[in-house]
Amino acid sequence: MDNSLIIALDFANGSEVNRFLQPFAGKELFVKVGMELFYQEGPSIIHQIKEKGHHIFLDLKLHDIPNTVKSAMKGLARLECDLVNVHAAGGKEMMAAALEGLEAGTSSGRKRPACIAVTQLTSTSEEQMKKEQLIPVSLEESVMNYALLTKEAGLDGVVCSAWEAAYIRENAGATFLTVCPGIRMTSDQVGDQKRVATPEFARNSGVSSIVVGRSITRSVDPVKSYEKWMDAWKGVRQ
Ligand SMILES: O=C(O)c1cc(=O)[nH]c(=O)n1[C@@H]1O[C@H](COP(=O)(O)O)[C@@H](O)[C@H]1O
């Protein structure tokens, strides 16, 4: 899972996904299924994508009382995705419960899906965090606080912006995953994202994996665009 470029399949339905994936036939991709797609298509979309041989990050950002999250994760584990997530704001007890659920739902002999926690969404600015969430510390400190809670709960890593990844790596260790959305080429539209960074910056910051959505999925030639993104992301790693 390390060093992956994860494509966010933010599509309205399975037909749009099939249309997008068709030209990638024969390639092994790492894709993300989020709430837009999963709420429409349900578990069958996961089976369909797995049949095509792709790895899946099931991004449902669970955030509820520990018992509910535990039971939900038990069910989600049966879908045999590679990666799932929760909101760190749900607390340490909830995160530990998520892990328990995943372990309980993973069939014997199989590896449980990796589980990461969203710290501060990449669409949140420091100003907004202070004003709306009433968190008086810097955004970086808030993200670090969530990252350490996530680690203490036993999870595998966090979702954060590339700007916080190096600090997290330093404090939580190199094996703790930093999965970073909000990645843009300098020529791309930023849209609703606030904490954006280029793939080169992400790579140089030691980010584990990047998540790229609209820059690839809404481009005129998604395969060409994906290859351009892979070059930018892998560049100096090879
Ligand atoms: O958990 C996520 O994947 C996520 C967390 C976060 O803080 N920010 C964020 O953008 N995401 C997801 O990452 C993807 C980013 O898509 P683009 O902005 O189109 O590249 C979307 O599917 C978001 O749901």
# chains A, B, ... in the order shown; residues from 1 in each chain; ligands from 1

$ residues_around --residues "segment 81-85 of chain A" --least-positions-apart "2" --cutoff "7 Å" --atoms "only C-alpha atoms" --output "PyMOL selection string"
chain A and resi 55-62+79+113-117

$ residues_around --residues "Lys74 of chain A" --least-positions-apart "6" --cutoff "10 Å" --atoms "only C-alpha atoms" --output "ChimeraX atom specification"
/A:68,97-106

$ write_last_selection --atoms "N, CA and C atoms" --output "short mmCIF file (atom, residue, chain, number, x, y, z; two decimals), in the first residue's frame"
data_model
loop_
_atom_site.label_atom_id
_atom_site.label_comp_id
_atom_site.auth_asym_id
_atom_site.auth_seq_id
_atom_site.Cartn_x
_atom_site.Cartn_y
_atom_site.Cartn_z
N THR A 68 -21.48 0.96 17.60
CA THR A 68 -22.01 1.02 16.23
C THR A 68 -20.88 0.90 15.21
N ALA A 97 -12.44 0.39 18.80
CA ALA A 97 -13.60 -0.46 18.51
C ALA A 97 -13.67 -0.79 17.02
N ALA A 98 -13.29 0.19 16.19
CA ALA A 98 -13.28 -0.03 14.73
C ALA A 98 -12.34 -1.19 14.40
N LEU A 99 -11.19 -1.17 15.05
CA LEU A 99 -10.18 -2.21 14.82
C LEU A 99 -10.68 -3.58 15.28
N GLU A 100 -11.32 -3.59 16.45
CA GLU A 100 -11.88 -4.85 16.97
C GLU A 100 -12.89 -5.43 16.00
N GLY A 101 -13.75 -4.55 15.48
CA GLY A 101 -14.76 -4.98 14.51
C GLY A 101 -14.12 -5.56 13.27
N LEU A 102 -13.10 -4.87 12.78
CA LEU A 102 -12.42 -5.33 11.57
C LEU A 102 -11.80 -6.71 11.79
N GLU A 103 -11.17 -6.86 12.96
CA GLU A 103 -10.53 -8.15 13.27
C GLU A 103 -11.57 -9.26 13.35
N ALA A 104 -12.70 -8.93 13.99
CA ALA A 104 -13.76 -9.93 14.14
C ALA A 104 -14.36 -10.33 12.79
N GLY A 105 -14.40 -9.40 11.84
CA GLY A 105 -15.02 -9.68 10.55
C GLY A 105 -14.08 -10.24 9.50
N THR A 106 -12.79 -10.28 9.81
CA THR A 106 -11.82 -10.78 8.84
C THR A 106 -11.72 -12.30 8.96
#

$ residues_around --residues "Ser138 of chain A" --least-positions-apart "4" --cutoff "9 Å" --atoms "only C-alpha atoms" --output "PyMOL selection string"
chain A and resi 126+129-130+142-143

$ write_last_selection --atoms "N, CA, C and O atoms" --output "mmCIF file, in the first residue's frame"
data_model
loop_
_atom_site.group_PDB
_atom_site.id
_atom_site.type_symbol
_atom_site.label_atom_id
_atom_site.label_comp_id
_atom_site.auth_asym_id
_atom_site.auth_seq_id
_atom_site.Cartn_x
_atom_site.Cartn_y
_atom_site.Cartn_z
ATOM 1 N N GLU A 126 -7.010 26.540 8.732
ATOM 2 C CA GLU A 126 -6.767 26.783 10.157
ATOM 3 C C GLU A 126 -7.792 27.788 10.709
ATOM 4 O O GLU A 126 -8.322 27.616 11.809
ATOM 5 N N MET A 129 -11.076 26.071 11.256
ATOM 6 C CA MET A 129 -10.989 25.155 12.402
ATOM 7 C C MET A 129 -11.140 25.929 13.721
ATOM 8 O O MET A 129 -11.879 25.527 14.614
ATOM 9 N N LYS A 130 -10.416 27.058 13.793
ATOM 10 C CA LYS A 130 -10.458 27.849 15.037
ATOM 11 C C LYS A 130 -11.838 28.440 15.261
ATOM 12 O O LYS A 130 -12.357 28.429 16.367
ATOM 13 N N SER A 142 -3.292 20.331 15.860
ATOM 14 C CA SER A 142 -4.539 19.562 15.940
ATOM 15 C C SER A 142 -4.398 18.246 15.169
ATOM 16 O O SER A 142 -4.793 17.176 15.652
ATOM 17 N N VAL A 143 -3.807 18.334 13.975
ATOM 18 C CA VAL A 143 -3.603 17.126 13.161
ATOM 19 C C VAL A 143 -2.680 16.148 13.901
ATOM 20 O O VAL A 143 -2.935 14.942 13.958
#

$ atom_distance --atom1 "atom CA of Val220 of chain A" --atom2 "atom CA of Val33 of chain A"
21.2 Å

$ residues_near_ligand --ligand "ligand 1" --cutoff "10 Å" --atoms "only C-alpha atoms and all ligand atoms" --output "count of residues only"
57

$ atom_distance --atom1 "atom CA of Glu93 of chain A" --atom2 "atom CA of Leu155 of chain A"
11.5 Å

$ select_by_dssp --residues "segment 9-236 of chain A" --states "helix (DSSP H, G or I)" --output "JSON, numbers by chain"
{"A": [14, 15, 16, 17, 18, 19, 20, 21, 22, 23, 24, 35, 36, 37, 38, 39, 40, 41, 43, 44, 45, 46, 47, 48, 49, 50, 51, 66, 67, 68, 69, 70, 71, 72, 73, 74, 75, 76, 77, 88, 89, 90, 92, 93, 94, 95, 96, 97, 98, 99, 100, 101, 102, 103, 104, 105, 126, 127, 128, 129, 130, 131, 132, 133, 139, 140, 141, 142, 143, 144, 145, 146, 147, 148, 149, 150, 151, 152, 162, 163, 164, 165, 166, 167, 168, 169, 170, 171, 172, 199, 200, 201, 202, 203, 204, 214, 215, 216, 217, 222, 223, 224, 225, 226, 227, 228, 229, 230, 231, 232, 233, 234, 235, 236]}

$ atom_distance --atom1 "atom CA of Val207 of chain A" --atom2 "atom CA of Ala96 of chain A"
24.0 Å

$ closest_atom_pairs --of "segment 48-103 of chain A" --to "segment 13-23 of chain A" --cutoff "10 Å" --atoms "only C-alpha atoms" --output "tab-separated table"
residue	atom	partner	partner_atom	distance
A:Gln48	CA	A:Gly14	CA	8.9
A:Ile49	CA	A:Asn18	CA	8.8
A:Lys52	CA	A:Leu21	CA	9.0
A:His54	CA	A:Leu21	CA	10.0

$ write_last_selection --atoms "C-alpha atoms" --output "short mmCIF file (atom, residue, chain, number, x, y, z; two decimals), in the first residue's frame"
data_model
loop_
_atom_site.label_atom_id
_atom_site.label_comp_id
_atom_site.auth_asym_id
_atom_site.auth_seq_id
_atom_site.Cartn_x
_atom_site.Cartn_y
_atom_site.Cartn_z
CA GLN A 48 -17.24 -5.61 -9.35
CA ILE A 49 -14.08 -3.54 -8.90
CA LYS A 52 -11.22 -6.31 -12.30
CA HIS A 54 -7.89 -3.44 -8.48
#

$ select_by_dssp --residues "segment 132-211 of chain A" --states "strand (DSSP E)" --output "PyMOL selection string"
chain A and resi 157-159+177-180+209-211

$ closest_residue --among "A:Ala77, A:Met94, A:Leu37, A:Ala174" --to "Lys111 of chain A" --atoms "only C-alpha atoms"
A:Ala77

$ closest_residue --among "A:Glu51, A:Glu227, A:Asp221, A:Glu164" --to "Phe201 of chain A" --atoms "only C-alpha atoms"
A:Glu164

$ closest_residue --among "A:Lys92, A:Lys50, A:Arg203, A:Lys27" --to "Glu80 of chain A" --atoms "only C-alpha atoms"
A:Lys50

$ closest_residue --among "A:Glu140, A:Ala88, A:Ala147, A:Met73" --to "Arg112 of chain A" --atoms "only C-alpha atoms"
A:Met73

$ closest_residue --among "A:Asp2, A:Ser44, A:Gly109, A:Val31" --to "Gly206 of chain A" --atoms "only C-alpha atoms"
A:Asp2

$ decode --residues "segment 124-137 of chain A" --atoms "all heavy atoms" --output "CSV table (one decimal), in the first residue's frame"
chain,number,residue,atom,x,y,z
A,124,THR,N,-10.5,21.8,5.2
A,124,THR,CA,-10.5,22.7,6.4
A,124,THR,C,-9.3,23.6,6.5
A,124,THR,O,-8.2,23.1,6.4
A,124,THR,CB,-10.7,21.9,7.7
A,124,THR,OG1,-11.8,21.0,7.6
A,124,THR,CG2,-10.8,22.7,8.9
A,125,SER,N,-9.5,24.9,6.6
A,125,SER,CA,-8.4,25.8,6.9
A,125,SER,C,-8.2,26.0,8.4
A,125,SER,O,-9.1,25.7,9.1
A,125,SER,CB,-8.6,27.1,6.2
A,125,SER,OG,-9.7,27.8,6.9
A,126,GLU,N,-7.0,26.5,8.7
A,126,GLU,CA,-6.8,26.8,10.2
A,126,GLU,C,-7.8,27.8,10.7
A,126,GLU,O,-8.3,27.6,11.8
A,126,GLU,CB,-5.3,27.3,10.4
A,126,GLU,CG,-5.0,27.5,11.8
A,126,GLU,CD,-3.6,27.8,12.1
A,126,GLU,OE1,-2.8,26.8,12.0
A,126,GLU,OE2,-3.2,28.9,12.4
A,127,GLU,N,-8.1,28.8,9.9
A,127,GLU,CA,-9.0,29.8,10.3
A,127,GLU,C,-10.4,29.2,10.6
A,127,GLU,O,-11.0,29.5,11.7
A,127,GLU,CB,-9.1,30.9,9.2
A,127,GLU,CG,-9.9,32.1,9.6
A,127,GLU,CD,-10.2,33.0,8.4
A,127,GLU,OE1,-9.8,32.6,7.2
A,127,GLU,OE2,-10.9,34.0,8.6
A,128,GLN,N,-10.9,28.4,9.7
A,128,GLN,CA,-12.2,27.7,9.8
A,128,GLN,C,-12.2,26.8,11.1
A,128,GLN,O,-13.1,26.8,11.8
A,128,GLN,CB,-12.4,26.9,8.6
A,128,GLN,CG,-13.8,26.3,8.4
A,128,GLN,CD,-13.8,25.4,7.2
A,128,GLN,OE1,-12.9,25.4,6.4
A,128,GLN,NE2,-14.9,24.7,7.1
A,129,MET,N,-11.1,26.1,11.3
A,129,MET,CA,-11.0,25.2,12.4
A,129,MET,C,-11.1,25.9,13.7
A,129,MET,O,-11.9,25.5,14.6
A,129,MET,CB,-9.6,24.4,12.4
A,129,MET,CG,-9.4,23.5,13.5
A,129,MET,SD,-7.7,23.0,13.7
A,129,MET,CE,-7.0,24.4,14.5
A,130,LYS,N,-10.4,27.1,13.8
A,130,LYS,CA,-10.5,27.8,15.0
A,130,LYS,C,-11.8,28.4,15.3
A,130,LYS,O,-12.4,28.4,16.4
A,130,LYS,CB,-9.4,29.0,15.0
A,130,LYS,CG,-8.0,28.4,15.1
A,130,LYS,CD,-7.0,29.5,15.3
A,130,LYS,CE,-5.7,28.9,15.8
A,130,LYS,NZ,-4.5,29.7,15.6
A,131,LYS,N,-12.4,29.0,14.2
A,131,LYS,CA,-13.7,29.7,14.3
A,131,LYS,C,-14.9,28.7,14.5
A,131,LYS,O,-15.8,28.9,15.3
A,131,LYS,CB,-14.0,30.4,13.0
A,131,LYS,CG,-14.6,31.7,13.2
A,131,LYS,CD,-14.4,32.6,12.0
A,131,LYS,CE,-15.7,33.1,11.4
A,131,LYS,NZ,-15.6,33.8,10.1
A,132,GLU,N,-14.9,27.6,13.8
A,132,GLU,CA,-16.1,26.7,13.8
A,132,GLU,C,-15.9,25.5,14.8
A,132,GLU,O,-16.9,25.1,15.4
A,132,GLU,CB,-16.3,26.1,12.4
A,132,GLU,CG,-16.7,27.2,11.4
A,132,GLU,CD,-17.0,26.7,10.0
A,132,GLU,OE1,-17.0,25.5,9.8
A,132,GLU,OE2,-17.1,27.6,9.1
A,133,GLN,N,-14.7,25.0,14.9
A,133,GLN,CA,-14.5,23.9,15.9
A,133,GLN,C,-14.0,24.3,17.2
A,133,GLN,O,-13.9,23.5,18.2
A,133,GLN,CB,-13.5,22.9,15.3
A,133,GLN,CG,-13.9,22.3,14.0
A,133,GLN,CD,-12.8,21.3,13.4
A,133,GLN,OE1,-12.2,20.6,14.2
A,133,GLN,NE2,-12.7,21.3,12.1
A,134,LEU,N,-13.7,25.6,17.3
A,134,LEU,CA,-13.2,26.2,18.6
A,134,LEU,C,-11.9,25.5,19.1
A,134,LEU,O,-11.8,25.3,20.3
A,134,LEU,CB,-14.3,26.2,19.7
A,134,LEU,CG,-15.6,27.0,19.3
A,134,LEU,CD1,-16.6,26.9,20.5
A,134,LEU,CD2,-15.3,28.5,19.0
A,135,ILE,N,-11.1,25.1,18.2
A,135,ILE,CA,-9.8,24.5,18.6
A,135,ILE,C,-8.8,25.6,18.6
A,135,ILE,O,-8.5,26.2,17.5
A,135,ILE,CB,-9.4,23.3,17.6
A,135,ILE,CG1,-10.4,22.2,17.7
A,135,ILE,CG2,-8.0,22.8,17.8
A,135,ILE,CD1,-10.2,21.0,16.8
A,136,PRO,N,-8.2,25.9,19.7
A,136,PRO,CA,-7.3,27.1,19.8
A,136,PRO,C,-5.9,26.9,19.4
A,136,PRO,O,-5.2,27.9,19.2
A,136,PRO,CB,-7.4,27.4,21.3
A,136,PRO,CG,-7.6,26.1,22.0
A,136,PRO,CD,-8.4,25.2,21.0
A,137,VAL,N,-5.5,25.7,19.1
A,137,VAL,CA,-4.1,25.4,18.7
A,137,VAL,C,-3.9,25.5,17.2
A,137,VAL,O,-4.9,25.7,16.5
A,137,VAL,CB,-3.6,24.0,19.2
A,137,VAL,CG1,-3.6,23.9,20.7
A,137,VAL,CG2,-4.4,22.9,18.6
